[in-house]
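As structure tokens, the structure follows; a few thoughts come after it.
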Amino acid sequence: MKDLTGKTIYLKDYAPPAYLVDEVHLTFALAPEATRVKSRIRFRPNPDSASRDFFLHGEELTLISAVIDGAPVTPKITEEGLTCPAPDAPFTWEAEVEIAPARNTALEGLYMSNGMYCTQCEAEGFRKITYYPDRPDVMSVFTVRIESDLPVMLSNGNPGDSGPGFAEWHDPWPKPAYLFALVAGELVNHPGSFTTNSGKDVELNVWVRPGDEGKCAFAMESLKKSMKWDEEVYGREYDLDIFNIVAVDDFNMGAMENKGLNIFNSAAVLASPETSTDANFERIEAIIAHEYFHNWTGNRITCRDWFQLCLKEGLTVFRDAQFTADMRSEPVKRITDVIDLRGRQFREDNGPLAHPVRPESFVEINNFYTATVYEKGAEVIGMLKRLVGDEAYAKALDLYFERHDGDAATIEDWLQVFKDTTGRDLSQFKLWYSQAGTPRVAVEETWEDGTFTLTFRQSTPPTPGQPDKAPRVIPIAVGLLGPNGDEVQETTLLELTQAEQSFTFTGLSARPVPSILRGFSAPVILDRQSSNAERAFLLAHDTDPFCKWEAGRALARDVLLRMLNDGAAPDRDFLGALAATLADESLDPAFVALVLALPSEDDLAQAQVDAGRVPDPQRIHEVREAMLDAMAEALEAPLRRAYDAHQVPGPYSPDADAAAARALANTALMLLSRRDGGALAQAQYDRADNMTQQLAALSALLTAGAGDDALRAFEAQWKDDRLVMDKWFSLQAAHAAPDAAATVARLTEHPAFTMKNPNRFRAVFGAFAMNQAGFHHASGDGYRLMGDWLIRLDRLNPQTTARMCSAFQTWRRYDADRQDMIRDTLRRIISVDGLSRDTAEMIGRILDA
């Protein structure tokens with residue numbers, strides 16, 4: 001197999017830059033096919049570096065001229081950048097390059113989206129704009145001049161001079177090049193303002209294409225809430241005079257935290273009751289918060305190198321999770337985060353793409369914007385906070401901001417502030433950053449003379465490049481329930497630091513039922529023998545919402561596995577437990593909806609692998625469908641009561657209580673549609689005045705096999721709304737079975753399908769990859785179709801292609817025939833001439849595991 005992956009970069013090889021940058025002046029003369037970029041950069045030798053090799057990154061640039069201190073130079077140019085002799089003293093570099101934004105389909109650097117100029121520079125896109133030391137530890141003040149006849153021209157920082165055909169911006173805060181941003185186009189703004197705690201007035205704007213200005217109000221309110229929350233909880237004020245958000249249709253990511261000019265995927269900012277679901281509103285609120293919080297945890301303090309990516313992303317994900325928990329339901333937020341972690345990150349940890357939270361090496365950094373870096377990185381922050389306590393955490397964060405403001409920091413810097421604040425040795429805890437894989441924690445219990453003992457054993461399976469793992473610090477939150485359901489031991493945090501360790505609870509009058517890993521206190525897999533009777537007991541009585549939900553989840557998984565493996569019938573006791581949950585009016589409706597949701601087909605497949613079985617995706621799908629049918633039959637009456645009781649009167653509101661009620665009502669609707677052929681869903685579809693109700697009804701109709709007319713009506717109604725049409729595409733790819741590949745192939749022939757737009761491609765092929773029975777159909781048609789389109793997409797957009805390759809990461813769990821077909825597809829992709837480095841690295845890692 002040919003080697004397409006390029007040079008491997010190692011953390012151990014980090015060296016400080018030879019030159020630092022004090023000031024950057026950029027001038028952009030915008031033109032679709034021939035934008036000219038002039039740079040004037042003040043360099044000085046780095047006293048911490050022994051090297052004086054002057055190297056500037058640059059890719060796909062046409063150099064027009066280069067000058068050092070006024071004297072022309074002739075650099076040596078390669079595919080990666082340029083080199084030339086430079087003084088061992090401060091000097092000024094000037095250069096002019098030409099680029100073609102209109103031909104930049106990779107959507108990194110400066111590119112065009114529907115006539116709008118925009119940028120995406122994280123991680124290494126700035127080198128496609130001009131020659132520069134494009135690395136996070138080179139930070140500088142930027143001044144930018146934009147020349148164009150477009151009406152709106154934006155960049156980082158505060159506005160400076162402007163006039164016909166030009167606008168200038170100045171960012172006074174030193175930043176690395178990956179935080180640079182520029183936007184120019186026909187835009188309209190939704191304005192707002194915010195007054196900080198110190199009395200500073202900040203101008204706020206959400207910039208969108210004409211016609212979208214009516215979908216900005218929620219994003220603006222979310223921004224104001226985020227600014228207020230960050231002041232109140234973390235003591236962080238905003239530091240510029242203006243904060244701009246721009247919605248861009250073509251964007252590889254969700255959003256980008258560029259200093260003072262956050263560029264957002266349109267799907268992560270535009271919202272209205274008619275076009276956005278409750279889930280869309282919550283996601284927008286969270287992403288707005290996430291990118292705003294980066295102003296301190298990512299911008300004011302950035303990462304020294306890309307190996308430290310989790311330093312900014314893990315911490316900021318943790319902060320945005322805290323924010324959402326405060327804005328909405330803390331227990332529901334925690335449970336949904338765990339569902340996402342297990343569905344994405346645990347799967348990553350358990351396969352060929354496993355890597356530490358801080359990787360030791362990479363070929364293409366874009367491939368490490370992963371669930372491990374983001375979600376597991378956030379879990380590590382959460383564990384640290386639990387271990388040191390809320391007060392010590394707050395003190396450590398204050399010291400972090402004070403000590404490292406303006407720095408490009410490391411994980412070592414982060415942990416040091418906790419050590420200095422608490423005196424705690426965190427050397428063992430640091431293993432969470434360096435060891436890949438999900439720890440498994442087995443637990444046994446003994447009871448004797450009023451003493452209850454829990455014995456834990458931890459182990460972590462081998463992962464690529466890491467066969468052996470040392471014990472980690474694992475915080476395990478435990479409570480004890482008495483036989484009558486009363487809590488006899490409040491939540492206690494145990495610290496598991498050894499391979500095997502026991503903890504005792506004394507003075508108990510009866511053998512308790514343990515509630516272990518409360519709040520999901522550590523990202524581990526808990527192995528504990530438990531009866532379904534005990535799980536039902538915990539579902540009924542546990543005071544910890546996560547463990548209460550987890551008991552129901554484990555009960556459902558056990559029932560489904562017995563149906564899969566032994567041909568058992570749906571368990572009546574399980575159905576009774578669900579009925580009791582539905583009848584408990586004290587529970588949050590959103591929590592009840594989560595209890596009613598069965599483990600996913602992917603979850604069940606992994607559970608079979610863990611038990612030494614080879615999963616059959618079609619059989620898993622059939623059994624799960626049978627369980628849903630049984631639930632619909634056994635719970636029909638209480639489901640109808642729940643549906644009727646949770647209709648939300650009045651105008652639509654995306655607030656937490658209304659969204660929770662709709663979540664339960666629509667969960668009930670999905671099940672009831674299995675009994676009435678979709679009659680109730682059709683009635684809801686016909687009267688729906690918001691997207692949450694309309695889309696839920698359409699999904700229920702598809703489940704009932706009665707959705708064809710509604711699909712046509714939905715398309716006719718929303719054909720001109722690109723974000724709603726993403727939903728239309730996605731719903732069909734997700735529901736299609738058993739001929740899913742044929743359905744997806746048909747969708748790609750639709751006039752509205754385009755692979756140039758990442759949202760549209762993900763709507764179709766991302767949903768298809770999640771359709772386990774369809775994607776993994778025994779014919780192999782799904783694999784071949786995905787392979788065909790990834791090959792096509794790679795020529796245009798390597799980043800999106802590489803991320804979509806993860807659809808194949810679980811391939812070794814399946815039978816030999818499926819493995820052979822996936823292997824053939826992967827080999828076909830990697831053999832393509834001109835395959836990108838991004839995609840080649842991903843396919844290579846998946847194949848080699």
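Residue numbers start at 1 in each chain; chains themselves are named A, B, ... in the order of the structure tokens; ligands are numbered from 1 in the order shown.
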Residue list (alpha helix (DSSP H), DSSP) for range 87-327 of chain A, as number ranges by chain:
A: 217-234, 278-293, 309-327
Range 773-787 of chain A: which residues within 10 Å, counting only C-alpha atoms, same-chain residues fewer than 2 positions away excluded, as JSON, numbers by chain?
{"A": [601, 602, 616, 617, 618, 619, 620, 621, 622, 733, 734, 735, 736, 737, 738, 739, 740, 741, 742, 743, 744, 745, 765, 766, 767, 768, 769, 770, 771, 789, 790, 791, 792, 793, 804, 805, 807, 808, 811, 814, 815, 817, 818, 819, 820, 821, 822, 823, 824, 825, 826, 827, 828, 829]}
Non-local contacts of range 605-611 of chain A (12 Å; only C-alpha atoms; under 4 positions in same chain excluded) as a PyMOL selection string
chain A and resi 342-343+346-348+350-351+440+461+525+527+554+557-558+560-565+599-601+615-621+623-624+772-773+776+810-815
For those residues, write C-alpha atoms to a file as a PDB file, in the first residue's frame.
ATOM      1  CA  ARG A 342     -20.634   6.729  24.895  1.00  0.00           C
ATOM      2  CA  GLY A 343     -21.978   6.878  21.368  1.00  0.00           C
ATOM      3  CA  PHE A 346     -16.250   5.397  23.767  1.00  0.00           C
ATOM      4  CA  ARG A 347     -16.551   4.018  20.250  1.00  0.00           C
ATOM      5  CA  GLU A 348     -13.461   6.018  19.274  1.00  0.00           C
ATOM      6  CA  ASN A 350     -12.542   1.161  21.469  1.00  0.00           C
ATOM      7  CA  GLY A 351     -11.326   1.172  17.867  1.00  0.00           C
ATOM      8  CA  ARG A 440     -13.132  -0.565  32.860  1.00  0.00           C
ATOM      9  CA  PRO A 461      -7.695  -2.445  27.261  1.00  0.00           C
ATOM     10  CA  ILE A 525     -17.235   1.487  31.909  1.00  0.00           C
ATOM     11  CA  ASP A 527     -18.743  -3.762  35.246  1.00  0.00           C
ATOM     12  CA  ALA A 554     -29.082  -1.228  31.868  1.00  0.00           C
ATOM     13  CA  ARG A 557     -30.013  -3.330  27.415  1.00  0.00           C
ATOM     14  CA  ASP A 558     -30.264  -6.631  29.312  1.00  0.00           C
ATOM     15  CA  LEU A 560     -32.728  -6.520  24.428  1.00  0.00           C
ATOM     16  CA  LEU A 561     -29.619  -8.684  24.653  1.00  0.00           C
ATOM     17  CA  ARG A 562     -31.674 -11.618  25.944  1.00  0.00           C
ATOM     18  CA  MET A 563     -34.042 -11.130  23.030  1.00  0.00           C
ATOM     19  CA  LEU A 564     -31.056 -11.010  20.664  1.00  0.00           C
ATOM     20  CA  ASN A 565     -29.010 -13.846  22.094  1.00  0.00           C
ATOM     21  CA  PRO A 599     -30.164   1.854  23.687  1.00  0.00           C
ATOM     22  CA  SER A 600     -29.089   2.505  20.119  1.00  0.00           C
ATOM     23  CA  GLU A 601     -28.369  -0.252  17.620  1.00  0.00           C
ATOM     24  CA  PRO A 615     -23.249  -8.627  15.963  1.00  0.00           C
ATOM     25  CA  ASP A 616     -25.700  -8.923  13.091  1.00  0.00           C
ATOM     26  CA  PRO A 617     -26.922  -5.383  12.309  1.00  0.00           C
ATOM     27  CA  GLN A 618     -30.114  -6.567  10.645  1.00  0.00           C
ATOM     28  CA  ARG A 619     -31.000  -8.849  13.537  1.00  0.00           C
ATOM     29  CA  ILE A 620     -30.290  -6.062  16.046  1.00  0.00           C
ATOM     30  CA  HIS A 621     -32.575  -3.747  14.100  1.00  0.00           C
ATOM     31  CA  VAL A 623     -35.144  -7.061  17.742  1.00  0.00           C
ATOM     32  CA  ARG A 624     -35.067  -3.390  18.694  1.00  0.00           C
ATOM     33  CA  GLN A 772     -26.826   0.676  11.243  1.00  0.00           C
ATOM     34  CA  ALA A 773     -29.023  -1.849   9.447  1.00  0.00           C
ATOM     35  CA  HIS A 776     -24.186  -2.425   7.180  1.00  0.00           C
ATOM     36  CA  THR A 810     -16.022  -0.236  13.890  1.00  0.00           C
ATOM     37  CA  TRP A 811     -15.477  -2.530  10.910  1.00  0.00           C
ATOM     38  CA  ARG A 812     -13.605  -5.244  12.798  1.00  0.00           C
ATOM     39  CA  ARG A 813     -16.571  -5.975  15.057  1.00  0.00           C
ATOM     40  CA  TYR A 814     -18.558  -7.559  12.207  1.00  0.00           C
ATOM     41  CA  ASP A 815     -18.553 -10.917  10.435  1.00  0.00           C
TER      42      ASP A 815
END
Write out as a list in words which residues come within 8 Å of Ile287 in chain A when counting only C-alpha atoms, dropping same-chain ones fewer than 6 positions away.
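So, after excluding close chain neighbours, the residues are Gly254, Ala255, Ala268 and Asp320 of chain A.
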Assign secondary structure with DSSP using the backbone only, and return the residues of range 355-487 of chain A in strand (DSSP E or B) as number ranges by chain.
A: 361-362, 408-409, 440-448, 451-459, 463, 466, 474-481, 487
